Amino acid sequence: MTTQYIESHTRGTANFGWLNANFSFSFGNYYNPEQMQFGMLRVLNDDTIAGGTGFGTHGHANMEIITIPLEGGLEHRDSMGNEGVIRFGEVQVMSAGSGVEHSEMNASKEERAKTLQLWVFPNRENATPRYDQKSFDIENQINTFVNIVSPNDMNDGNALWVYQKTFLHLGIFERNTTSNYTVRIPKNGVYLFLIEGEIRINNQVLKARDAMGITDFENFEIEIITKSKILLVEVPMN
């Protein structure tokens, strides 16, 4: 097993007043040639959005975009006619495909919103744009990884899907427990992002907002030191 430990303070940052952002990979004005992507995972942005603000209408193409609210709500509108609010426990997927425009605004005028947004390169270009969202009962499935996103051709109907051989899992784990993860597709890698808590993998301790890239493995064990919330992203490495 090969691991790369990424401390939270090494991420890129941007503070525009209305937006406080942390970038796991090069994004916008932040450029780090050593942190361009992890396999097919191109973006993992950790955003705090002030009340009454957000991202105005902008365009995307040929990217699978997954949005995970951590706090508050995000109001979405797009050129396909979709509109609505997603909150913690819900996940949103948008296949930008041949091109789509959308806006993402804080659903509250006063309270902040916190979100994670991931971009994954698709294995099918110029697909017809599509949108979906789904609620997942993460908090009542303690000590297990809940599959929230799967590949379009390997989906059991319980998760959202994307045009890529990628799997996303969210889990809340109690202190002093362990969890094992087995790779779903051989030669895929895993990018583990610790949302909250403290864990240990391969004798390396991770704290909140730390990450670890894991490759060349069949399975690995996670030791939960304190109550933790974990995002686990399995993606092709090429």
# chains A, B, ... in the order shown; residues from 1 in each chain; ligands from 1
>>> closest_atom_pairs(of="segment 154-236 of chain A", to="segment 65-88 of chain A", cutoff="10 Å", atoms="only C-alpha atoms", output="tab-separated table")
residue	atom	partner	partner_atom	distance
A:Leu160	CA	A:Ile66	CA	9.6
A:Trp161	CA	A:Ile66	CA	9.9
A:Val162	CA	A:Ile65	CA	8.7
A:Leu168	CA	A:Ile66	CA	9.5
A:Leu170	CA	A:Ile68	CA	9.8
A:Ile195	CA	A:Leu70	CA	9.0
A:Leu231	CA	A:Ile68	CA	9.9
>>> write_last_selection(atoms="all heavy atoms", output="CSV table (one decimal), in the first residue's frame")
chain,number,residue,atom,x,y,z
A,160,LEU,N,-26.6,7.7,-6.0
A,160,LEU,CA,-26.5,8.5,-7.3
A,160,LEU,C,-25.5,7.9,-8.2
A,160,LEU,O,-24.6,7.1,-7.8
A,160,LEU,CB,-26.2,10.0,-6.9
A,160,LEU,CG,-27.2,10.7,-6.1
A,160,LEU,CD1,-26.6,12.0,-5.5
A,160,LEU,CD2,-28.5,11.0,-6.8
A,161,TRP,N,-25.5,8.3,-9.5
A,161,TRP,CA,-24.5,7.8,-10.4
A,161,TRP,C,-23.8,8.9,-11.2
A,161,TRP,O,-24.3,9.9,-11.4
A,161,TRP,CB,-25.1,6.7,-11.3
A,161,TRP,CG,-26.2,7.1,-12.2
A,161,TRP,CD1,-27.5,7.0,-11.9
A,161,TRP,CD2,-26.1,7.6,-13.5
A,161,TRP,NE1,-28.2,7.5,-13.0
A,161,TRP,CE2,-27.4,7.9,-14.0
A,161,TRP,CE3,-25.0,8.0,-14.3
A,161,TRP,CZ2,-27.6,8.4,-15.3
A,161,TRP,CZ3,-25.2,8.5,-15.6
A,161,TRP,CH2,-26.5,8.7,-16.0
A,162,VAL,N,-22.6,8.5,-11.7
A,162,VAL,CA,-21.8,9.4,-12.6
A,162,VAL,C,-21.2,8.6,-13.7
A,162,VAL,O,-21.1,7.4,-13.7
A,162,VAL,CB,-20.7,10.1,-11.8
A,162,VAL,CG1,-21.2,11.1,-10.8
A,162,VAL,CG2,-19.8,9.1,-11.1
A,168,LEU,N,-18.2,7.1,-4.2
A,168,LEU,CA,-18.1,8.0,-3.0
A,168,LEU,C,-18.8,7.4,-1.9
A,168,LEU,O,-20.0,6.9,-2.0
A,168,LEU,CB,-18.7,9.4,-3.3
A,168,LEU,CG,-17.7,10.4,-4.0
A,168,LEU,CD1,-17.3,10.0,-5.4
A,168,LEU,CD2,-18.3,11.8,-3.9
A,170,LEU,N,-19.8,8.1,2.4
A,170,LEU,CA,-19.7,9.0,3.6
A,170,LEU,C,-20.0,8.1,4.8
A,170,LEU,O,-20.8,7.2,4.8
A,170,LEU,CB,-20.8,10.0,3.6
A,170,LEU,CG,-20.5,11.4,3.0
A,170,LEU,CD1,-21.8,12.3,2.9
A,170,LEU,CD2,-19.4,12.1,3.7
A,195,ILE,N,-13.5,14.8,7.4
A,195,ILE,CA,-14.3,16.0,7.6
A,195,ILE,C,-14.2,16.5,9.0
A,195,ILE,O,-14.1,17.6,9.3
A,195,ILE,CB,-15.8,15.7,7.2
A,195,ILE,CG1,-15.9,15.3,5.7
A,195,ILE,CG2,-16.7,16.9,7.4
A,195,ILE,CD1,-17.2,14.8,5.3
A,231,LEU,N,-15.2,11.2,4.4
A,231,LEU,CA,-15.5,11.1,3.0
A,231,LEU,C,-14.5,10.3,2.3
A,231,LEU,O,-13.3,10.6,2.4
A,231,LEU,CB,-15.6,12.5,2.3
A,231,LEU,CG,-15.8,12.5,0.8
A,231,LEU,CD1,-17.1,11.9,0.4
A,231,LEU,CD2,-15.7,13.9,0.2
>>> residues_around(residues="segment 32-39 of chain A", least_positions_apart="4", cutoff="7 Å", atoms="only C-alpha atoms", output="PyMOL selection string")
chain A and resi 25-26+43+235-238
>>> residues_around(residues="Ile172 of chain A", least_positions_apart="2", cutoff="8 Å", atoms="only C-alpha atoms", output="MDAnalysis selection string")
chainID A and resid 138:139 141:145 170 174 227:230
>>> residues_around(residues="segment 45-57 of chain A", least_positions_apart="3", cutoff="7 Å", atoms="only C-alpha atoms", output="list in words")
Trp18, Leu19, Asn20, Ala21, Asn22, Phe23, Ser24, Glu101, His102, Ser103, Glu104, Met105, Asn106, Ser108, Lys109, Glu110, Glu111, Arg112, Ala113, Lys114, Thr115, Leu116, Gln117 and Leu118 of chain A
>>> closest_atom_pairs(of="segment 131-194 of chain A", to="segment 214-221 of chain A", cutoff="8 Å", atoms="only C-alpha atoms", output="CSV")
residue,atom,partner,partner_atom,distance
A:Thr178,CA,A:Glu221,CA,6.9
A:Ser179,CA,A:Glu221,CA,5.8
A:Asn180,CA,A:Glu221,CA,4.4
A:Tyr181,CA,A:Asn219,CA,5.3
A:Thr182,CA,A:Asn219,CA,4.1
A:Val183,CA,A:Glu218,CA,5.5
A:Pro186,CA,A:Glu218,CA,7.3
A:Lys187,CA,A:Asp216,CA,6.6
A:Asn188,CA,A:Thr215,CA,7.1
A:Gly189,CA,A:Thr215,CA,4.6
A:Val190,CA,A:Ile214,CA,5.1
A:Tyr191,CA,A:Ile214,CA,6.3
A:Leu192,CA,A:Ile214,CA,7.8
>>> write_last_selection(atoms="N, CA, C and O atoms", output="PDB file, in the first residue's frame")
ATOM      1  N   THR A 178     -13.032   0.460  14.548  1.00  0.00           N
ATOM      2  CA  THR A 178     -12.241   0.307  13.330  1.00  0.00           C
ATOM      3  C   THR A 178     -13.159   0.063  12.153  1.00  0.00           C
ATOM      4  O   THR A 178     -14.286  -0.423  12.311  1.00  0.00           O
ATOM      5  N   SER A 179     -12.679   0.404  10.977  1.00  0.00           N
ATOM      6  CA  SER A 179     -13.422   0.157   9.744  1.00  0.00           C
ATOM      7  C   SER A 179     -12.439  -0.289   8.676  1.00  0.00           C
ATOM      8  O   SER A 179     -11.287   0.169   8.650  1.00  0.00           O
ATOM      9  N   ASN A 180     -12.885  -1.177   7.813  1.00  0.00           N
ATOM     10  CA  ASN A 180     -12.048  -1.648   6.712  1.00  0.00           C
ATOM     11  C   ASN A 180     -12.676  -1.250   5.383  1.00  0.00           C
ATOM     12  O   ASN A 180     -13.905  -1.256   5.240  1.00  0.00           O
ATOM     13  N   TYR A 181     -11.830  -0.905   4.431  1.00  0.00           N
ATOM     14  CA  TYR A 181     -12.334  -0.614   3.087  1.00  0.00           C
ATOM     15  C   TYR A 181     -11.607  -1.495   2.082  1.00  0.00           C
ATOM     16  O   TYR A 181     -10.375  -1.569   2.081  1.00  0.00           O
ATOM     17  N   THR A 182     -12.389  -2.148   1.225  1.00  0.00           N
ATOM     18  CA  THR A 182     -11.856  -2.986   0.152  1.00  0.00           C
ATOM     19  C   THR A 182     -12.127  -2.307  -1.177  1.00  0.00           C
ATOM     20  O   THR A 182     -13.261  -1.872  -1.432  1.00  0.00           O
ATOM     21  N   VAL A 183     -11.106  -2.196  -2.018  1.00  0.00           N
ATOM     22  CA  VAL A 183     -11.249  -1.512  -3.298  1.00  0.00           C
ATOM     23  C   VAL A 183     -12.322  -2.202  -4.142  1.00  0.00           C
ATOM     24  O   VAL A 183     -12.410  -3.436  -4.186  1.00  0.00           O
ATOM     25  N   PRO A 186     -10.124  -3.112  -9.045  1.00  0.00           N
ATOM     26  CA  PRO A 186      -8.673  -3.221  -8.911  1.00  0.00           C
ATOM     27  C   PRO A 186      -7.947  -2.094  -9.645  1.00  0.00           C
ATOM     28  O   PRO A 186      -8.350  -1.671 -10.721  1.00  0.00           O
ATOM     29  N   LYS A 187      -6.883  -1.599  -9.017  1.00  0.00           N
ATOM     30  CA  LYS A 187      -6.021  -0.525  -9.515  1.00  0.00           C
ATOM     31  C   LYS A 187      -6.618   0.861  -9.315  1.00  0.00           C
ATOM     32  O   LYS A 187      -5.966   1.862  -9.618  1.00  0.00           O
ATOM     33  N   ASN A 188      -7.852   0.958  -8.844  1.00  0.00           N
ATOM     34  CA  ASN A 188      -8.365   2.262  -8.420  1.00  0.00           C
ATOM     35  C   ASN A 188      -7.593   2.722  -7.188  1.00  0.00           C
ATOM     36  O   ASN A 188      -7.012   1.913  -6.463  1.00  0.00           O
ATOM     37  N   GLY A 189      -7.596   4.030  -6.956  1.00  0.00           N
ATOM     38  CA  GLY A 189      -7.042   4.591  -5.744  1.00  0.00           C
ATOM     39  C   GLY A 189      -8.143   5.182  -4.888  1.00  0.00           C
ATOM     40  O   GLY A 189      -9.289   5.340  -5.342  1.00  0.00           O
ATOM     41  N   VAL A 190      -7.808   5.518  -3.658  1.00  0.00           N
ATOM     42  CA  VAL A 190      -8.770   6.141  -2.742  1.00  0.00           C
ATOM     43  C   VAL A 190      -8.196   7.455  -2.218  1.00  0.00           C
ATOM     44  O   VAL A 190      -7.039   7.507  -1.787  1.00  0.00           O
ATOM     45  N   TYR A 191      -9.001   8.493  -2.285  1.00  0.00           N
ATOM     46  CA  TYR A 191      -8.672   9.770  -1.647  1.00  0.00           C
ATOM     47  C   TYR A 191      -9.598   9.894  -0.447  1.00  0.00           C
ATOM     48  O   TYR A 191     -10.822  10.020  -0.597  1.00  0.00           O
ATOM     49  N   LEU A 192      -9.030   9.813   0.747  1.00  0.00           N
ATOM     50  CA  LEU A 192      -9.812   9.892   1.978  1.00  0.00           C
ATOM     51  C   LEU A 192      -9.690  11.293   2.557  1.00  0.00           C
ATOM     52  O   LEU A 192      -8.585  11.789   2.766  1.00  0.00           O
TER      53      LEU A 192
END
>>> residues_around(residues="His169 of chain A", least_positions_apart="2", cutoff="9 Å", atoms="only C-alpha atoms", output="list in words")
Phe145, Val146, Asn147, Ile148, Val149, Phe167, Gly171, Ile230, Leu231, Leu232, Val233 and Glu234 of chain A
>>> write_last_selection(atoms="N, CA, C and O atoms", output="JSON list (two decimals), in the first residue's frame")
[["chain", "number", "residue", "atom", "x", "y", "z"],
["A", 145, "PHE", "N", -19.73, 2.80, 6.08],
["A", 145, "PHE", "CA", -19.63, 3.71, 4.95],
["A", 145, "PHE", "C", -20.89, 3.58, 4.10],
["A", 145, "PHE", "O", -21.22, 2.48, 3.64],
["A", 146, "VAL", "N", -21.57, 4.69, 3.89],
["A", 146, "VAL", "CA", -22.78, 4.72, 3.07],
["A", 146, "VAL", "C", -22.38, 5.13, 1.65],
["A", 146, "VAL", "O", -21.78, 6.18, 1.45],
["A", 147, "ASN", "N", -22.70, 4.28, 0.68],
["A", 147, "ASN", "CA", -22.38, 4.57, -0.71],
["A", 147, "ASN", "C", -23.33, 5.64, -1.24],
["A", 147, "ASN", "O", -24.53, 5.44, -1.29],
["A", 148, "ILE", "N", -22.77, 6.80, -1.62],
["A", 148, "ILE", "CA", -23.61, 7.90, -2.09],
["A", 148, "ILE", "C", -23.50, 8.11, -3.60],
["A", 148, "ILE", "O", -24.41, 8.67, -4.21],
["A", 149, "VAL", "N", -22.41, 7.65, -4.22],
["A", 149, "VAL", "CA", -22.23, 7.78, -5.67],
["A", 149, "VAL", "C", -21.55, 6.52, -6.18],
["A", 149, "VAL", "O", -20.60, 6.02, -5.57],
["A", 167, "PHE", "N", -16.53, 5.67, -6.89],
["A", 167, "PHE", "CA", -17.47, 5.43, -5.80],
["A", 167, "PHE", "C", -17.18, 6.45, -4.70],
["A", 167, "PHE", "O", -16.03, 6.67, -4.33],
["A", 171, "GLY", "N", -19.31, 8.40, 5.94],
["A", 171, "GLY", "CA", -19.54, 7.61, 7.14],
["A", 171, "GLY", "C", -19.28, 8.41, 8.39],
["A", 171, "GLY", "O", -18.39, 9.25, 8.44],
["A", 230, "ILE", "N", -16.17, 10.88, 7.78],
["A", 230, "ILE", "CA", -15.18, 10.59, 6.74],
["A", 230, "ILE", "C", -15.85, 10.57, 5.37],
["A", 230, "ILE", "O", -16.90, 9.99, 5.18],
["A", 231, "LEU", "N", -15.17, 11.22, 4.40],
["A", 231, "LEU", "CA", -15.53, 11.10, 2.98],
["A", 231, "LEU", "C", -14.46, 10.26, 2.31],
["A", 231, "LEU", "O", -13.27, 10.57, 2.42],
["A", 232, "LEU", "N", -14.88, 9.23, 1.59],
["A", 232, "LEU", "CA", -13.94, 8.33, 0.93],
["A", 232, "LEU", "C", -14.29, 8.29, -0.56],
["A", 232, "LEU", "O", -15.42, 8.00, -0.93],
["A", 233, "VAL", "N", -13.31, 8.62, -1.40],
["A", 233, "VAL", "CA", -13.52, 8.72, -2.84],
["A", 233, "VAL", "C", -12.62, 7.72, -3.54],
["A", 233, "VAL", "O", -11.40, 7.85, -3.53],
["A", 234, "GLU", "N", -13.22, 6.71, -4.17],
["A", 234, "GLU", "CA", -12.45, 5.73, -4.96],
["A", 234, "GLU", "C", -12.54, 6.12, -6.43],
["A", 234, "GLU", "O", -13.64, 6.27, -6.97]]
>>> residues_around(residues="Asn202 of chain A", least_positions_apart="6", cutoff="10 Å", atoms="only C-alpha atoms", output="count of residues only")
7
>>> closest_residue(among="A:Asn176, A:Glu196, A:Phe136, A:Ile185", to="Asn158 of chain A", atoms="only C-alpha atoms")
A:Phe136
>>> atom_distance(atom1="atom CA of Met94 of chain A", atom2="atom CA of Asn155 of chain A")
16.0 Å
>>> atom_distance(atom1="atom CA of Thr13 of chain A", atom2="atom CA of Leu44 of chain A")
12.2 Å
>>> closest_residue(among="A:Gly99, A:Glu64, A:Ile201, A:Gly213", to="Asn152 of chain A", atoms="only C-alpha atoms")
A:Glu64
>>> select_by_dssp(residues="segment 56-100 of chain A", states="strand (DSSP E)", output="NGL selection string")
:A and (56-60 or 64-71 or 73-78 or 83-87 or 90-95 or 100)
>>> atom_distance(atom1="atom CA of Thr226 of chain A", atom2="atom CA of Arg209 of chain A")
14.0 Å
>>> closest_residue(among="A:Lys165, A:Asn140, A:Glu7, A:Asn15", to="Leu41 of chain A", atoms="only C-alpha atoms")
A:Lys165
>>> closest_residue(among="A:His60, A:Arg42, A:Lys207, A:Arg184", to="Pro129 of chain A", atoms="only C-alpha atoms")
A:His60
>>> decode(residues="segment 163-177 of chain A", atoms="N, CA, C and O atoms", output="PDB file, in the first residue's frame")
ATOM      1  N   TYR A 163     -20.764   9.355 -14.732  1.00  0.00           N
ATOM      2  CA  TYR A 163     -20.081   8.742 -15.871  1.00  0.00           C
ATOM      3  C   TYR A 163     -18.590   8.564 -15.555  1.00  0.00           C
ATOM      4  O   TYR A 163     -17.731   9.218 -16.126  1.00  0.00           O
ATOM      5  N   GLN A 164     -18.301   7.697 -14.607  1.00  0.00           N
ATOM      6  CA  GLN A 164     -16.907   7.365 -14.282  1.00  0.00           C
ATOM      7  C   GLN A 164     -16.917   6.176 -13.330  1.00  0.00           C
ATOM      8  O   GLN A 164     -17.880   5.962 -12.595  1.00  0.00           O
ATOM      9  N   LYS A 165     -15.824   5.416 -13.328  1.00  0.00           N
ATOM     10  CA  LYS A 165     -15.714   4.246 -12.446  1.00  0.00           C
ATOM     11  C   LYS A 165     -15.295   4.706 -11.053  1.00  0.00           C
ATOM     12  O   LYS A 165     -14.242   4.320 -10.529  1.00  0.00           O
ATOM     13  N   THR A 166     -16.137   5.541 -10.452  1.00  0.00           N
ATOM     14  CA  THR A 166     -15.823   6.114  -9.151  1.00  0.00           C
ATOM     15  C   THR A 166     -16.930   5.813  -8.150  1.00  0.00           C
ATOM     16  O   THR A 166     -18.107   5.707  -8.523  1.00  0.00           O
ATOM     17  N   PHE A 167     -16.532   5.670  -6.893  1.00  0.00           N
ATOM     18  CA  PHE A 167     -17.467   5.434  -5.799  1.00  0.00           C
ATOM     19  C   PHE A 167     -17.179   6.455  -4.705  1.00  0.00           C
ATOM     20  O   PHE A 167     -16.026   6.669  -4.331  1.00  0.00           O
ATOM     21  N   LEU A 168     -18.226   7.075  -4.188  1.00  0.00           N
ATOM     22  CA  LEU A 168     -18.095   7.973  -3.044  1.00  0.00           C
ATOM     23  C   LEU A 168     -18.848   7.375  -1.872  1.00  0.00           C
ATOM     24  O   LEU A 168     -19.974   6.863  -2.028  1.00  0.00           O
ATOM     25  N   HIS A 169     -18.215   7.435  -0.700  1.00  0.00           N
ATOM     26  CA  HIS A 169     -18.833   6.956   0.529  1.00  0.00           C
ATOM     27  C   HIS A 169     -18.707   8.017   1.614  1.00  0.00           C
ATOM     28  O   HIS A 169     -17.680   8.696   1.716  1.00  0.00           O
ATOM     29  N   LEU A 170     -19.756   8.142   2.430  1.00  0.00           N
ATOM     30  CA  LEU A 170     -19.740   8.986   3.628  1.00  0.00           C
ATOM     31  C   LEU A 170     -19.987   8.102   4.834  1.00  0.00           C
ATOM     32  O   LEU A 170     -20.809   7.172   4.771  1.00  0.00           O
ATOM     33  N   GLY A 171     -19.307   8.395   5.937  1.00  0.00           N
ATOM     34  CA  GLY A 171     -19.543   7.614   7.139  1.00  0.00           C
ATOM     35  C   GLY A 171     -19.281   8.408   8.391  1.00  0.00           C
ATOM     36  O   GLY A 171     -18.386   9.253   8.436  1.00  0.00           O
ATOM     37  N   ILE A 172     -20.086   8.138   9.425  1.00  0.00           N
ATOM     38  CA  ILE A 172     -19.878   8.682  10.766  1.00  0.00           C
ATOM     39  C   ILE A 172     -19.517   7.503  11.667  1.00  0.00           C
ATOM     40  O   ILE A 172     -20.236   6.504  11.698  1.00  0.00           O
ATOM     41  N   PHE A 173     -18.395   7.633  12.376  1.00  0.00           N
ATOM     42  CA  PHE A 173     -17.877   6.523  13.158  1.00  0.00           C
ATOM     43  C   PHE A 173     -17.653   6.937  14.606  1.00  0.00           C
ATOM     44  O   PHE A 173     -17.160   8.027  14.886  1.00  0.00           O
ATOM     45  N   GLU A 174     -17.992   6.045  15.527  1.00  0.00           N
ATOM     46  CA  GLU A 174     -17.791   6.287  16.947  1.00  0.00           C
ATOM     47  C   GLU A 174     -16.332   6.074  17.325  1.00  0.00           C
ATOM     48  O   GLU A 174     -15.607   5.333  16.669  1.00  0.00           O
ATOM     49  N   ARG A 175     -15.909   6.708  18.412  1.00  0.00           N
ATOM     50  CA  ARG A 175     -14.527   6.595  18.879  1.00  0.00           C
ATOM     51  C   ARG A 175     -14.188   5.147  19.245  1.00  0.00           C
ATOM     52  O   ARG A 175     -15.060   4.357  19.614  1.00  0.00           O
ATOM     53  N   ASN A 176     -12.911   4.832  19.112  1.00  0.00           N
ATOM     54  CA  ASN A 176     -12.383   3.519  19.486  1.00  0.00           C
ATOM     55  C   ASN A 176     -13.032   2.372  18.715  1.00  0.00           C
ATOM     56  O   ASN A 176     -13.284   1.291  19.256  1.00  0.00           O
ATOM     57  N   THR A 177     -13.307   2.622  17.444  1.00  0.00           N
ATOM     58  CA  THR A 177     -13.791   1.567  16.562  1.00  0.00           C
ATOM     59  C   THR A 177     -12.828   1.455  15.377  1.00  0.00           C
ATOM     60  O   THR A 177     -11.905   2.262  15.232  1.00  0.00           O
TER      61      THR A 177
END
